[in-house]
Amino acid sequence: MDTICAVSTPPGVGGVALVRLSGGAAKEVAEKLLRTPHGKAVVLKDHKAQYAHLYDDRAFVDDVVATFFAAPHSYTGEDVVEISCHGSVYVQQRLLQVLIDNGTRLAEAGEFTLRAFMNRRLDLSQAEAVADLIESRSETAHRLAVSQMRGGYAQELEKLRQELIDLAALLELELDFSDEDLQFASREHLKDTVGALSDKVARLVASFQTGNALKEGIPVAIVGRPNAGKSSLLNALVAEERAIVSDIPGTTRDTVEESMTIDGIRFRFIDTAGLRQSDDPIESLGFDRAIKAAQQARFILFVRDMSVPFDENACEDISYITDRCDMKDKHLFIVHNKCDMPHNSTPQGIVISAKQRTGIDELKRDIAAVARKEAGQNDGILLTNSRHYEAMKHVLSALGEVRKSLEVGLSSDLVVVDIRDALYHLGTITGKVTTDEVLSSVFSRFCIGK
Ligand SMILES: Nc1nc2c(ncn2[C@@H]2O[C@H](COP(=O)(O)OP(=O)(O)OP(=O)(O)O)[C@@H](O)[C@H]2O)c(=O)[nH]1
Ligand SMILES: [Mg+2]
């Protein structure tokens with residue numbers, strides 16, 4: 001393997017920058033460029049940070065700290081040298097240039113982690129978790145990435161794989177003795193086992209909705225009649241003048257989105273156009289988008305103006321949403337707005353003034369509490385990655401075929417084919433089975449230097 005190098009800190013100027021080298025020549029190349037402050041040769045010691053001067057030929061480049069990690073106890077599993085230099089763009093570029101002139105090459109995006117995977121320092125799902133960790137912007141996203149990286153997730157999948165392997169082995173054993181027409185496992189018992197496995201997989205598939213929302217931000221649609229105060233509520237929630245507010249009904253035409261982290265959970269608040277049937281083509285497009293936002297949301301905040309009576313029309317407005325959305329996995333909150341204005345009666349539930357910003361913290365707390373409870377279900381393991389989700393759906397459908405085959409009493413060899421299919425798809429998640437396509441799509445998510 002050739003030796004690769006890259007700047008691992010973000011591009012631009014910083015206090016310090018870190019340049020990473022990995023491969024068989026890493027130590028030798030680094031030692032060639034480094035000198036002690038007294039001009040002596042530097043011998044890099046394993047797992048030690050050493051202060052040194054870095055030279056390009058005879059010209060001094062920078063004061064650096066070099067840390068050597070001998071194979072296999074390094075991130076990539078190869079010899080790694082990390083050189084911390086001053087964070088000037090010039091120094092970083094010059095250092096890379098010297099390294100390249102001395103026989104290393106610039107790493108491609110994700111190549112360090114790819115090598116770690118190739119050297120079995122981590123499996124594919126853990127490598128993906130590294131990317132998730134780098135991108136995580138909230139406590140929950142961080143927690144999910146860490147648990148996937150630590151391997152709890154991979155262990156869970158390995159258990160599943162082992163159960164499938166055992167099942168396949170049992171049936172294959174029957175094939176070996178097929179002349180004698182032996183059955184090693186009662187068909188009833190097999191059906192039960194497969195049933196239990198598919199339930200488990202189905203739960204994992206279902207957990208993606210929550211897992212993905214927690215990672216990307218849980219979508220919260222803000223809907224209601226024109227002028228109810230939806231845009232005012234968005235602004236109050238994110239404490240910023242994000243959307244235009246005016247007393248002209250129909251101000252918001254398009255959806256306006258803003259993210260915010262509450263109690264460690266990331267939310268995406270989506271302000272929408274007022275719900276009213278209209279002949280105006282733009283307003284009716286806005287209406288369609290509002291409905292779409294509600295359909296894709298996990299939470300729907302239905303905002304109403306409490307200074308006007310809660311009449312039949314208001315119920316009709318809510319039915320715009322409930323008629324068009326599958327409410328099964330959604331949480332609908334009725335938000336009574338404008339409590340600072342004169343009103344007849346004080347309704348039960350969430351009462352706020354978006355304008356005066358009263359009741360906003362309580363509303364946030366209520367939403368976060370529901371989301372947190374949901375995240376805690378599912379025994380801790382959640383699918384957060386769409387690649388895993390796709391693979392798991394294939395596993396589920398293969399198990400469905402196994403069930404059907406057992407049901408109609410097909411012969412073992414046919415049942416085994418579907419079990420093998422399930423195993424194949426499960427294997428793509430952790431990287432037991434890989435294709436170049438999968439690898440390049442996983443590692444292209446990384447930046448250069450990771
Ligand atoms: N008194 C009072 N006025 C409010 C409150 N919230 C919003 N308003 C006013 O109500 C009017 C409409 O507010 P918006 O936030 O633009 O309402 P909207 O629901 O986004 O309206 P559209 O975008 O037209 O659908 C503005 O004049 C706001 O200042 C409130 O809590 N109290
Ligand atoms: Mg608006």
# chains A, B, ... in the order shown; residues from 1 in each chain; ligands from 1
>>> residues_around(residues="Ser246 in chain A", least_positions_apart="5", cutoff="12 Å", atoms="only C-alpha atoms", output="ChimeraX atom specification")
/A:226-232,251-252,355
>>> closest_atom_pairs(of="chain A", to="ligand 1", cutoff="10 Å", atoms="only C-alpha atoms and all ligand atoms", output="CSV")
residue,atom,partner,partner_atom_place_in_ligand_line,distance
A:Ile222,CA,ligand 1,19 (O),8.8
A:Val223,CA,ligand 1,19 (O),7.7
A:Gly224,CA,ligand 1,19 (O),6.6
A:Arg225,CA,ligand 1,25 (O),6.0
A:Pro226,CA,ligand 1,25 (O),3.3
A:Asn227,CA,ligand 1,21 (O),3.4
A:Ala228,CA,ligand 1,19 (O),3.9
A:Gly229,CA,ligand 1,17 (O),3.3
A:Lys230,CA,ligand 1,19 (O),3.7
A:Ser231,CA,ligand 1,20 (O),3.7
A:Ser232,CA,ligand 1,15 (O),3.7
A:Leu233,CA,ligand 1,15 (O),6.5
A:Leu234,CA,ligand 1,15 (O),8.0
A:Asn235,CA,ligand 1,15 (O),8.4
A:Ala236,CA,ligand 1,6 (N),9.4
A:Ala243,CA,ligand 1,20 (O),8.0
A:Ile244,CA,ligand 1,16 (O),6.4
A:Val245,CA,ligand 1,16 (O),3.5
A:Ser246,CA,ligand 1,16 (O),4.4
A:Asp247,CA,ligand 1,27 (O),3.5
A:Ile248,CA,ligand 1,24 (O),6.0
A:Pro249,CA,ligand 1,24 (O),3.8
A:Gly250,CA,ligand 1,24 (O),3.4
A:Thr251,CA,ligand 1,24 (O),3.8
A:Thr252,CA,ligand 1,23 (O),3.6
A:Arg253,CA,ligand 1,23 (O),6.9
A:Asp254,CA,ligand 1,23 (O),9.1
A:Thr255,CA,ligand 1,23 (O),9.7
A:Asp271,CA,ligand 1,20 (O),7.4
A:Thr272,CA,ligand 1,23 (O),7.1
A:Ala273,CA,ligand 1,25 (O),4.9
A:Gly274,CA,ligand 1,25 (O),3.5
A:Leu275,CA,ligand 1,25 (O),7.2
A:Arg276,CA,ligand 1,25 (O),8.9
A:Glu283,CA,ligand 1,25 (O),9.9
A:Gly286,CA,ligand 1,25 (O),9.7
A:Phe287,CA,ligand 1,25 (O),9.8
A:Val303,CA,ligand 1,19 (O),7.5
A:Arg304,CA,ligand 1,19 (O),8.3
A:Asp305,CA,ligand 1,5 (C),8.0
A:Met306,CA,ligand 1,31 (O),9.2
A:Ser307,CA,ligand 1,1 (N),8.8
A:His336,CA,ligand 1,31 (O),9.0
A:Asn337,CA,ligand 1,31 (O),5.3
A:Lys338,CA,ligand 1,31 (O),3.4
A:Cys339,CA,ligand 1,31 (O),6.2
A:Asp340,CA,ligand 1,32 (N),5.6
A:Met341,CA,ligand 1,1 (N),5.3
A:Pro342,CA,ligand 1,1 (N),9.0
A:Val351,CA,ligand 1,31 (O),9.6
A:Ile352,CA,ligand 1,31 (O),6.6
A:Ser353,CA,ligand 1,31 (O),3.3
A:Ala354,CA,ligand 1,31 (O),3.9
A:Lys355,CA,ligand 1,31 (O),4.0
A:Gln356,CA,ligand 1,31 (O),6.0
A:Arg357,CA,ligand 1,31 (O),7.3
A:Thr358,CA,ligand 1,31 (O),8.1
A:Gly359,CA,ligand 1,31 (O),10.0
>>> select_by_dssp(residues="range 37-246 of chain A", states="strand (DSSP E or B)", output="VMD selection string")
chain A and resid 41 46 49 to 56 59 to 69 80 to 86 105 to 106 218 to 224
>>> select_by_dssp(residues="range 104-351 of chain A", states="alpha helix (DSSP H)", output="NGL selection string")
:A and (111-118 or 124-135 or 139-150 or 152-176 or 187-216 or 230-238 or 281-296 or 312-322)
>>> closest_residue(among="A:Thr322, A:Gln92, A:Thr3, A:Gln148", to="Leu124 in chain A", atoms="only C-alpha atoms")
A:Gln148
>>> residues_around(residues="Glu139 in chain A", least_positions_apart="6", cutoff="10 Å", atoms="only C-alpha atoms", output="MDAnalysis selection string")
chainID A and resid 145 214:215 261:266
>>> residues_around(residues="Ser444 in chain A", least_positions_apart="5", cutoff="12 Å", atoms="only C-alpha atoms", output="VMD selection string")
chain A and resid 108 to 114 127 to 128 131 436 to 439 449 to 450
>>> write_last_selection(atoms="all heavy atoms", output="short mmCIF file (atom, residue, chain, number, x, y, z; two decimals), in the first residue's frame")
data_model
loop_
_atom_site.label_atom_id
_atom_site.label_comp_id
_atom_site.auth_asym_id
_atom_site.auth_seq_id
_atom_site.Cartn_x
_atom_site.Cartn_y
_atom_site.Cartn_z
N GLU A 108 -7.39 10.27 -0.83
CA GLU A 108 -8.72 10.58 -1.36
C GLU A 108 -9.70 10.73 -0.20
O GLU A 108 -9.38 10.35 0.93
CB GLU A 108 -9.18 9.46 -2.29
CG GLU A 108 -8.44 9.48 -3.60
CD GLU A 108 -8.64 8.21 -4.39
OE1 GLU A 108 -9.69 7.58 -4.23
OE2 GLU A 108 -7.71 7.85 -5.14
N ALA A 109 -10.90 11.25 -0.50
CA ALA A 109 -11.91 11.43 0.56
C ALA A 109 -12.16 10.10 1.27
O ALA A 109 -12.39 9.09 0.61
CB ALA A 109 -13.20 11.97 -0.04
N GLY A 110 -12.09 10.12 2.59
CA GLY A 110 -12.41 8.92 3.38
C GLY A 110 -11.37 7.81 3.32
O GLY A 110 -11.61 6.72 3.84
N GLU A 111 -10.21 8.06 2.69
CA GLU A 111 -9.28 6.95 2.47
C GLU A 111 -8.66 6.42 3.77
O GLU A 111 -8.38 5.22 3.89
CB GLU A 111 -8.18 7.37 1.48
CG GLU A 111 -7.50 6.16 0.86
CD GLU A 111 -6.53 6.51 -0.26
OE1 GLU A 111 -6.39 7.70 -0.60
OE2 GLU A 111 -5.91 5.57 -0.78
N PHE A 112 -8.48 7.29 4.76
CA PHE A 112 -7.94 6.81 6.04
C PHE A 112 -8.92 5.81 6.67
O PHE A 112 -8.54 4.75 7.14
CB PHE A 112 -7.69 7.98 7.01
CG PHE A 112 -6.53 8.85 6.59
CD1 PHE A 112 -6.74 10.02 5.89
CD2 PHE A 112 -5.22 8.49 6.90
CE1 PHE A 112 -5.67 10.83 5.51
CE2 PHE A 112 -4.15 9.29 6.52
CZ PHE A 112 -4.37 10.45 5.82
N THR A 113 -10.20 6.19 6.64
CA THR A 113 -11.22 5.31 7.23
C THR A 113 -11.41 4.05 6.38
O THR A 113 -11.64 2.97 6.91
CB THR A 113 -12.55 6.07 7.42
OG1 THR A 113 -12.25 7.31 8.07
CG2 THR A 113 -13.52 5.31 8.28
N LEU A 114 -11.29 4.20 5.07
CA LEU A 114 -11.37 3.03 4.18
C LEU A 114 -10.28 2.03 4.55
O LEU A 114 -10.52 0.82 4.65
CB LEU A 114 -11.23 3.46 2.72
CG LEU A 114 -11.14 2.33 1.68
CD1 LEU A 114 -12.42 1.49 1.67
CD2 LEU A 114 -10.89 2.89 0.27
N ALA A 127 -17.73 2.52 10.38
CA ALA A 127 -17.12 3.57 9.56
C ALA A 127 -18.16 4.65 9.25
O ALA A 127 -17.88 5.85 9.32
CB ALA A 127 -16.57 2.99 8.26
N GLU A 128 -19.37 4.20 8.95
CA GLU A 128 -20.44 5.18 8.67
C GLU A 128 -20.76 5.99 9.92
O GLU A 128 -21.08 7.17 9.83
CB GLU A 128 -21.68 4.45 8.17
CG GLU A 128 -21.52 3.95 6.76
CD GLU A 128 -22.63 3.02 6.34
OE1 GLU A 128 -22.89 2.05 7.07
OE2 GLU A 128 -23.22 3.26 5.29
N ALA A 131 -18.59 8.97 10.22
CA ALA A 131 -19.07 10.11 9.42
C ALA A 131 -20.24 10.79 10.13
O ALA A 131 -20.32 12.02 10.18
CB ALA A 131 -19.49 9.64 8.03
N ASP A 436 -17.73 -2.63 -4.81
CA ASP A 436 -17.04 -1.35 -4.99
C ASP A 436 -18.02 -0.20 -4.91
O ASP A 436 -17.72 0.86 -4.38
CB ASP A 436 -16.32 -1.32 -6.34
CG ASP A 436 -15.12 -2.25 -6.32
OD1 ASP A 436 -14.75 -2.70 -5.21
OD2 ASP A 436 -14.59 -2.55 -7.40
N GLU A 437 -19.21 -0.46 -5.43
CA GLU A 437 -20.23 0.59 -5.46
C GLU A 437 -20.58 1.03 -4.03
O GLU A 437 -20.63 2.22 -3.72
CB GLU A 437 -21.45 0.01 -6.15
CG GLU A 437 -22.38 1.00 -6.77
CD GLU A 437 -23.60 0.26 -7.31
OE1 GLU A 437 -23.48 -0.95 -7.60
OE2 GLU A 437 -24.65 0.88 -7.39
N VAL A 438 -20.82 0.02 -3.17
CA VAL A 438 -21.17 0.34 -1.78
C VAL A 438 -20.02 1.08 -1.12
O VAL A 438 -20.21 2.13 -0.50
CB VAL A 438 -21.49 -0.96 -0.99
CG1 VAL A 438 -21.57 -0.67 0.49
CG2 VAL A 438 -22.79 -1.57 -1.48
N LEU A 439 -18.81 0.56 -1.29
CA LEU A 439 -17.66 1.19 -0.64
C LEU A 439 -17.50 2.64 -1.08
O LEU A 439 -17.30 3.53 -0.26
CB LEU A 439 -16.37 0.42 -0.93
CG LEU A 439 -16.22 -0.90 -0.20
CD1 LEU A 439 -14.87 -1.53 -0.49
CD2 LEU A 439 -16.39 -0.71 1.31
N GLY A 449 -8.94 13.63 4.39
CA GLY A 449 -8.26 13.76 5.68
C GLY A 449 -8.91 12.93 6.75
O GLY A 449 -8.38 12.82 7.86
N LYS A 450 -10.10 12.34 6.43
CA LYS A 450 -10.74 11.51 7.46
C LYS A 450 -10.58 10.06 7.08
O LYS A 450 -10.73 9.68 5.94
CB LYS A 450 -12.22 11.89 7.57
CG LYS A 450 -12.89 11.23 8.75
CD LYS A 450 -12.28 11.66 10.05
CE LYS A 450 -12.11 10.46 10.97
NZ LYS A 450 -11.46 10.72 12.22
#
>>> residues_around(residues="Leu382 in chain A", least_positions_apart="4", cutoff="12 Å", atoms="only C-alpha atoms", output="PyMOL selection string")
chain A and resi 140-141+143-145+147-148+152-154+156-157+200-215+374-378+386+388-389+392
>>> closest_residue(among="A:Val220, A:Leu423, A:Ile300, A:Leu170", to="Glu158 in chain A", atoms="only C-alpha atoms")
A:Leu423
>>> residues_around(residues="Val81 in chain A", least_positions_apart="5", cutoff="8 Å", atoms="only C-alpha atoms", output="PDB file with N, CA and C atoms, in the first residue's frame")
ATOM      1  N   ARG A  20      -1.920  14.318   8.419  1.00  0.00           N
ATOM      2  CA  ARG A  20      -1.833  12.910   8.779  1.00  0.00           C
ATOM      3  C   ARG A  20      -1.192  12.109   7.655  1.00  0.00           C
ATOM      4  N   LEU A  21      -0.346  11.170   8.038  1.00  0.00           N
ATOM      5  CA  LEU A  21       0.329  10.283   7.088  1.00  0.00           C
ATOM      6  C   LEU A  21       0.002   8.856   7.483  1.00  0.00           C
ATOM      7  N   SER A  22      -0.295   8.013   6.497  1.00  0.00           N
ATOM      8  CA  SER A  22      -0.540   6.617   6.834  1.00  0.00           C
ATOM      9  C   SER A  22       0.030   5.717   5.754  1.00  0.00           C
ATOM     10  N   ALA A  26       5.403   5.938   6.243  1.00  0.00           N
ATOM     11  CA  ALA A  26       5.043   7.138   7.011  1.00  0.00           C
ATOM     12  C   ALA A  26       6.162   7.558   7.967  1.00  0.00           C
ATOM     13  N   LYS A  27       6.698   6.593   8.708  1.00  0.00           N
ATOM     14  CA  LYS A  27       7.702   6.907   9.720  1.00  0.00           C
ATOM     15  C   LYS A  27       8.987   7.405   9.043  1.00  0.00           C
ATOM     16  N   ALA A  30       8.594  10.908   7.512  1.00  0.00           N
ATOM     17  CA  ALA A  30       8.539  11.956   8.546  1.00  0.00           C
ATOM     18  C   ALA A  30       9.912  12.175   9.159  1.00  0.00           C
ATOM     19  N   ALA A  66       5.172  15.945  16.286  1.00  0.00           N
ATOM     20  CA  ALA A  66       4.872  14.740  15.512  1.00  0.00           C
ATOM     21  C   ALA A  66       4.522  13.605  16.468  1.00  0.00           C
ATOM     22  N   THR A  67       3.455  12.878  16.153  1.00  0.00           N
ATOM     23  CA  THR A  67       3.048  11.730  16.986  1.00  0.00           C
ATOM     24  C   THR A  67       3.011  10.493  16.094  1.00  0.00           C
ATOM     25  N   PHE A  68       3.693   9.467  16.548  1.00  0.00           N
ATOM     26  CA  PHE A  68       3.783   8.242  15.759  1.00  0.00           C
ATOM     27  C   PHE A  68       2.910   7.149  16.378  1.00  0.00           C
ATOM     28  N   PHE A  69       2.139   6.470  15.551  1.00  0.00           N
ATOM     29  CA  PHE A  69       1.339   5.324  15.994  1.00  0.00           C
ATOM     30  C   PHE A  69       1.760   4.132  15.139  1.00  0.00           C
TER      31      PHE A  69
END
